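Student: I am attaching a structure below and will ask some questions about it afterwards.
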Amino acid sequence: MGCEAVKYELVSGFETHIELQTKTKIFCGCTTQFGGEPNTHCCPVCIGLPGTLPVLNREVVRFAIKAGLAVHGEIAEVAKMDRKNYCYPDLSKAYQISQLYAPLIIGGYVELSNGRRIRLHHIHIEEDAGKLIHQHGDTYVDYNRGGVPLIEIVSEPDIRSIDEAKEYVERLQQVMRCIGVSDCKMQEGSMRCDVNISVRPEGSETFGTRTEIKNMNSIANIAKAMEYEYDRQVDLIESGGKVVQETLRYDDATGTTSSMRSKEDAHDYRYFRDPDLVTINIPREEVEALRAELPELPADRCRRYTDELGLPEKDAQLLTKYRRISEYFDAACEGVKSPKTVSNFIIGQIFRRTETESDKERFEVATSPEQLNELVKLLDSGKIRNNLAKSTLEKMLDSGKGALDFISESDMGGVDDGALLELCRAAIEGNPKAVEDFKNGKEKAIKALVGNVMKNSRGKADAVAAEAKIKELIG
Amino acid sequence: MGTIAKIHEMLVGRQISCAELTQRYLDEISAANGELNAYVCVTGDEALAAAEAVDKKIAAGEEIGMLEGVPMSLKDNMSTKGILTTCCSKILTGYKPIYDATVWELLRDKGAVLLGKTNMDEFAMGSSCETSCYGGAANPVNTAHVAGGSSGGAASAVGGNLAAYSLGSDTGGSIRQPASFCGVVGLKPTYGAVSRYGLIAYASSLDQIGPVAKTVEDVSLVYDAICKPDKRDSTSKGGSETYSTLNNDIKGMKIGIAREYLDGVRDDVKEAVLAAAEVYKSLGAEIVYFDLPILKFALPVYYIIACAEASSNLGRYDGIRYGYKTAHYNGTHDMICRTRSEGFGGEVQRRILLGTYVLSAGYYDAYYKKAQNLRGTIIKAFNSAFESCDVILAPTVPMTAFEKGHAVSDPIETYLTDICTVPVNIAGLPGVSIPCGFNAKGMPIGMQLIGKSFGEAEILNAAYKYQQAAGENFKDTKWGVKL
């Protein structure tokens, strides 16, 4: 009998809700702005007063089409709105206007860095619900968020690891931010994920029974919840039990999942076509016009950076994560010889000053891309050396001033061969111990000699040439 | 001359001031409403204020419109800012909307004087007005009989001369049936002709607002004023003007009679409708008979679709934001359950349950989807019928107004009273009910003229010509304001 342990594969699909940044709500003219005093961004329509009717905000359709195009989805020619009936105090009409039978976008995919494509089942538009506020033992309801437009991106169960799950969510954030349809702030709820997860023995073709973890509001929690749920399901199966299809909630404090409702208690949403709204027709010309409006997408930009600019994959990924960064990079690269140098400055130095993700998203940097461009061009032309450029950039970032405010004429211009020879001789004469060490096989000792040359040339000497010259002289 | 034209003439001719006229209506309402129960809310102060504004205009020598200063009423399911709007349901106890329905905006802007809100079956569900939480409205022809429903209060108010006209709503016959029972004229416009914004929904794909009045020309004037496209209602398209063509010659007009419409209809009703056909012949119209076998599915299709939509539309009444809320409860879920169980009447609960059932997983295809498919078939059948005729003539109701209490005791028979009216709602067509005779007990009989989509001008033209030829069927009652 073989007693090799069975390995289990994780299988996961995501339902991702993303709030669209249209100025007004999906069915009325109220603002979509986050926050505000409770129930001040409301009108008779979005609080569902008797007799009111929804009127579809066409801008929502346009935003959703852009989102669909950005993930390679097919835009339906005819879409319809349906009612999803359920009773909850934050839902003022007791139904959410959504799409089931004829969604706006069919299919599509998100490509991961390992080359795998996570296929999308569809994307539909719908309205958000309000929020319950529990305070002083009472429950209050705030309808400001009610009627804010959402897209729900429903993936196929194509995700096979927690890393893939994290990257999937990051990719969606990146692309939706890039095309400007949403800020995708998980902490503010403008992006929320329901995670479907099951496990199966590696090599198996059939799916295991899945559970659904509702309303995940950070990538870190998604990873933690999936890890917990994967272990729980594997343990259950290995101990002879069965996974029960149910909806779970994740408790951040304990890092565990717990049941919200079982399959038997699942809602029957009694979906039907909303009779208050007419069929949405989407002419192909409109789709093409929206396609033309799309900016260069992160994946395309990333490919351009590696293929055309010769950046390493890792650099390209980092630079394309946020639209502002890649725009900064593109502007700073204008006419430079080596884009990699620009990348090094951004990733090596500027990123140290934009540590958090939201800093990176805003990318507010004292030095303009044009100023960085000027610095890189000084380097390109050989007028200054790398060390000087680096320290100058720090000063620029501190002050917002240009490179030439810190670099004098005398700093510029290289060290000619004669001068270099003098400097090297001086270094050898002045450091007999280092010379001795090097001769005794201590390779590193040469660094001290090169350092001496650099110091005395105030950083203008070519360190590589200096090392070669010193070796030649000692040799 | 129609009531509206007469009032207009009196006001312009300064035979009476608008305030005096309005006061007369208010006085008659306080005298008669105890017995007719047509109004559930009277807005005397607002009415007099509106009347005074009209009087000022007249005094200043300004011209006034036909509807200006004309006292009227609205069914209690139309949203009126600051004025109780309850759908005659306990669950909307004390609800004063913060916005006006589009129809009321349109009429108010034309200087209409709102006398109050009229009685109706709770949430427009019923055919006798007796499911109202305020009790039913009485038939002004004979108060031992019901006014019909659901717009019973509107028909009772108009028949009892307690308003020059009234707006009702018609989901399965709710304007035409009470108009028929009370001997007045009621128009259910084409779906989309009149904005539904502010009409508290019963069944959204069937509901339509329309006028009830004593004469065809009154109905025509009011319809012309309210058939405007509305940006706030995506399904609204607006209709076209009808008044100028009322008196057009109908020689050669093809009036169709579907044999199925006469099946199961009481003899006195059938005779009156066939006599009306003879009147049309004498006016030069041609009568064509045809079959419309699909009609037998109309009633089940109607009850499935209407209840399904109602079950969703009425979900919002949970006691949280407005209206009735139960006094004692244990948690949110219990509060909602109790509020709805106590706040909704029996008929409304029955339809919510039915509608919830036909939409549930596992039953949707068998009921709702099938009903939707049949709805398409019924629309096609009407379209082909209109290839051989211009308007369709049919009874409005298979019977005359029943005695009070009858509907409550037999809900299934009451559902059957809708059999002639629901096909029009399912197909979204216009239909007008006009009086065409009386039975042996003197209760009015109504007939309906059904038109092509947006064919209001045609059916009102035919209705007007009939009214001219058979004026004896348009009788006044003893009640209310005598102009």
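Every chain in the structure tokens takes a letter, A first, then B, and so on in the order presented; its residues are numbered from 1, and the ligands are numbered from 1 following the presented order.
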May I ask you to extract the residues of chain A within 6 Å of chain B, using only C-alpha atoms, and to give them as a short mmCIF file (atom, residue, chain, number, x, y, z; two decimals) with C-alpha atoms, in the first residue's frame?

Tutor:
data_model
loop_
_atom_site.label_atom_id
_atom_site.label_comp_id
_atom_site.auth_asym_id
_atom_site.auth_seq_id
_atom_site.Cartn_x
_atom_site.Cartn_y
_atom_site.Cartn_z
CA PRO A 50 -43.54 54.80 -3.43
CA GLY A 51 -44.25 55.77 -7.03
CA THR A 52 -40.71 56.70 -8.01
CA VAL A 55 -33.99 56.07 -15.14
CA LYS A 93 -37.01 48.98 -2.51
CA ALA A 94 -36.54 45.41 -1.23
CA ARG A 270 -36.86 35.68 -7.65
CA PRO A 275 -40.61 46.42 -15.96
CA LEU A 277 -36.58 50.01 -17.38
#

Student: Among range 75-304 of chain A, which ones does DSSP assign to helix (DSSP H, G or I) (computed from the backbone)? Answer as a PyMOL selection string.

Tutor: chain A and resi 162-178+186-188+219-238+284-293+298-304

Student: Between CA of Thr396 in chain B and CA of Phe438 in chain B, what is the spacing in Å?

Tutor: 13.4 Å

Student: Using DSSP on the backbone coordinates, identify the residues of range 215-445 of chain A assigned to strand (DSSP E); present them as a list in words.

Tutor: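 Here is the list: Asn215, Met216, Glu246, Thr247, Leu248, Arg249, Tyr250, Asp251, Thr256, Thr257, Ser258, Ser259, Met260, Arg261, Ser262, Phe272, Arg273, Ile280 and Asn281 of chain A.
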
Student: Just the residues within 12 Å of range 29-34 of chain B, please, counting only C-alpha atoms, with nothing from its chain fewer than 2 positions along; format it as a PyMOL selection string.

Tutor: chain B and resi 22-27+36-44+71-73+115-119+134-140+143+153+156-163+478-481

Student: Keeping only N, CA and C atoms, write the selected residues to a file as a CSV table (one decimal), in the first residue's frame.

Tutor:
chain,number,residue,atom,x,y,z
B,22,THR,N,-65.8,76.1,-6.1
B,22,THR,CA,-65.0,75.1,-5.3
B,22,THR,C,-65.7,74.8,-3.9
B,23,GLN,N,-66.2,75.9,-3.3
B,23,GLN,CA,-66.9,75.8,-2.1
B,23,GLN,C,-68.1,74.9,-2.2
B,24,ARG,N,-68.8,75.1,-3.4
B,24,ARG,CA,-70.0,74.3,-3.6
B,24,ARG,C,-69.6,72.8,-3.6
B,25,TYR,N,-68.6,72.5,-4.4
B,25,TYR,CA,-68.1,71.1,-4.4
B,25,TYR,C,-67.7,70.6,-3.0
B,26,LEU,N,-67.0,71.4,-2.3
B,26,LEU,CA,-66.6,71.0,-0.9
B,26,LEU,C,-67.9,70.8,0.0
B,27,ASP,N,-68.8,71.6,-0.2
B,27,ASP,CA,-70.1,71.5,0.6
B,27,ASP,C,-70.8,70.2,0.2
B,36,LEU,N,-71.5,58.1,0.0
B,36,LEU,CA,-70.8,57.6,-1.2
B,36,LEU,C,-69.4,57.1,-0.8
B,37,ASN,N,-68.8,57.7,0.2
B,37,ASN,CA,-67.4,57.3,0.6
B,37,ASN,C,-66.4,57.3,-0.6
B,38,ALA,N,-66.6,58.4,-1.5
B,38,ALA,CA,-65.8,58.5,-2.7
B,38,ALA,C,-64.4,59.1,-2.3
B,39,TYR,N,-64.4,60.0,-1.3
B,39,TYR,CA,-63.1,60.6,-0.9
B,39,TYR,C,-62.6,60.0,0.3
B,40,VAL,N,-61.3,59.8,0.4
B,40,VAL,CA,-60.7,59.4,1.6
B,40,VAL,C,-59.9,60.5,2.2
B,41,CYS,N,-59.7,61.6,1.5
B,41,CYS,CA,-59.0,62.8,2.0
B,41,CYS,C,-59.5,64.0,1.2
B,42,VAL,N,-60.0,65.0,1.9
B,42,VAL,CA,-60.5,66.2,1.2
B,42,VAL,C,-59.5,67.3,1.5
B,43,THR,N,-59.1,68.0,0.5
B,43,THR,CA,-58.0,69.1,0.6
B,43,THR,C,-58.7,70.4,0.4
B,44,GLY,N,-59.6,70.8,1.3
B,44,GLY,CA,-60.4,72.0,1.2
B,44,GLY,C,-59.5,73.3,1.1
B,71,PRO,N,-62.6,72.0,-10.6
B,71,PRO,CA,-62.4,71.1,-9.4
B,71,PRO,C,-62.3,69.6,-9.8
B,72,MET,N,-61.3,68.9,-9.3
B,72,MET,CA,-61.1,67.5,-9.7
B,72,MET,C,-60.5,66.8,-8.6
B,73,SER,N,-60.3,65.5,-8.8
B,73,SER,CA,-59.7,64.7,-7.7
B,73,SER,C,-58.7,63.7,-8.3
B,115,LEU,N,-59.6,68.7,-5.2
B,115,LEU,CA,-60.6,68.6,-4.0
B,115,LEU,C,-60.1,67.6,-3.0
B,116,GLY,N,-59.4,66.5,-3.5
B,116,GLY,CA,-59.0,65.5,-2.6
B,116,GLY,C,-58.6,64.2,-3.3
B,117,LYS,N,-58.4,63.2,-2.4
B,117,LYS,CA,-57.9,61.9,-2.9
B,117,LYS,C,-59.1,60.9,-2.8
B,118,THR,N,-59.2,60.1,-3.9
B,118,THR,CA,-60.4,59.3,-3.9
B,118,THR,C,-60.1,57.8,-3.5
B,119,ASN,N,-61.2,57.2,-3.1
B,119,ASN,CA,-61.1,55.8,-2.5
B,119,ASN,C,-60.8,54.8,-3.6
B,134,TYR,N,-60.5,52.0,4.1
B,134,TYR,CA,-61.5,53.0,4.6
B,134,TYR,C,-62.9,52.5,4.3
B,135,GLY,N,-63.1,51.2,3.8
B,135,GLY,CA,-64.4,50.7,3.4
B,135,GLY,C,-64.6,51.1,2.0
B,136,GLY,N,-65.5,50.5,1.3
B,136,GLY,CA,-65.7,50.7,-0.2
B,136,GLY,C,-66.5,52.0,-0.5
B,137,ALA,N,-66.4,52.4,-1.7
B,137,ALA,CA,-67.2,53.6,-2.2
B,137,ALA,C,-68.5,53.0,-2.7
B,138,ALA,N,-69.6,53.8,-2.5
B,138,ALA,CA,-70.9,53.4,-3.0
B,138,ALA,C,-71.2,53.8,-4.4
B,139,ASN,N,-72.0,53.1,-5.1
B,139,ASN,CA,-72.4,53.5,-6.5
B,139,ASN,C,-73.4,54.6,-6.4
B,140,PRO,N,-73.2,55.7,-7.0
B,140,PRO,CA,-74.1,56.9,-6.9
B,140,PRO,C,-75.4,56.6,-7.6
B,143,THR,N,-76.9,53.2,-4.1
B,143,THR,CA,-75.8,53.1,-3.1
B,143,THR,C,-75.8,51.7,-2.4
B,153,GLY,N,-63.6,55.1,-6.0
B,153,GLY,CA,-63.9,56.4,-5.5
B,153,GLY,C,-63.9,57.4,-6.7
B,156,SER,N,-67.2,57.0,-8.4
B,156,SER,CA,-68.3,57.4,-7.5
B,156,SER,C,-68.3,59.0,-7.4
B,157,ALA,N,-67.1,59.6,-7.3
B,157,ALA,CA,-67.0,61.0,-7.2
B,157,ALA,C,-67.6,61.7,-8.5
B,158,VAL,N,-67.2,61.1,-9.6
B,158,VAL,CA,-67.6,61.7,-10.9
B,158,VAL,C,-69.1,61.5,-11.1
B,159,GLY,N,-69.6,60.3,-10.9
B,159,GLY,CA,-71.0,59.9,-11.1
B,159,GLY,C,-71.8,60.7,-10.1
B,160,GLY,N,-71.3,61.0,-8.9
B,160,GLY,CA,-72.0,61.7,-7.9
B,160,GLY,C,-71.8,63.2,-7.9
B,161,ASN,N,-71.2,63.7,-9.0
B,161,ASN,CA,-71.0,65.2,-9.2
B,161,ASN,C,-70.2,65.8,-8.1
B,162,LEU,N,-69.2,65.0,-7.5
B,162,LEU,CA,-68.4,65.5,-6.5
B,162,LEU,C,-67.0,65.9,-7.0
B,163,ALA,N,-66.9,65.9,-8.3
B,163,ALA,CA,-65.7,66.4,-9.0
B,163,ALA,C,-66.0,66.4,-10.5
B,478,LYS,N,-78.7,61.9,-8.6
B,478,LYS,CA,-79.3,62.9,-7.8
B,478,LYS,C,-78.3,63.7,-6.9
B,479,TRP,N,-77.0,63.2,-7.0
B,479,TRP,CA,-76.0,63.7,-6.0
B,479,TRP,C,-75.3,64.9,-6.6
B,480,GLY,N,-74.7,65.6,-5.6
B,480,GLY,CA,-73.6,66.6,-5.9
B,480,GLY,C,-74.0,67.9,-6.5
B,481,VAL,N,-73.0,68.5,-7.1
B,481,VAL,CA,-73.2,69.9,-7.7
B,481,VAL,C,-73.9,69.9,-9.0

Student: Quick one: residues within 6 Å of range 454-467 of chain B, only C-alpha atoms counted, chain neighbours fewer than 2 positions away excluded, as a ChimeraX atom specification?

Tutor: /B:190,216,242,246,449,451-452,469-471

Student: What's the separation between CA of Asp437 in chain A and CA of Asp462 in chain A, in Å to one decimal place?

Tutor: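 Spanning CA of Asp437 in chain A to CA of Asp462 in chain A is a straight-line distance of 23.1 Å.
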
Student: For Lys188 in chain B, find every residue with an atom within 9 Å (counting only C-alpha atoms), except residues of its own chain fewer than 3 positions away, and show them as an NGL selection string.

Tutor: :B and (168-171 or 173-176 or 191 or 208-211 or 424-425 or 429-433)

Student: Report, in Å with one decimal, the straight-line distance from CA of Val61 in chain A to CA of Gln99 in chain A.

Tutor: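 According to the coordinates, CA of Val61 in chain A and CA of Gln99 in chain A are separated by 12.3 Å.
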
Student: Closest to Leu107 in chain B among B:Ile250, B:Leu67, B:Ile294, B:Val301, using only C-alpha atoms?

Tutor: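 Smallest distance to Leu107 in chain B is found for B:Leu67.
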
Student: Find the residues near Gln173 in chain A: any atom within 8 Å, counting only C-alpha atoms, skip ones fewer than 3 places away on the same chain, and give them as a list in words.

Tutor: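 With the cut-off at 8 Å, the set is Val169, Glu170, Met176, Arg177, Asp183 and Cys184 of chain A.
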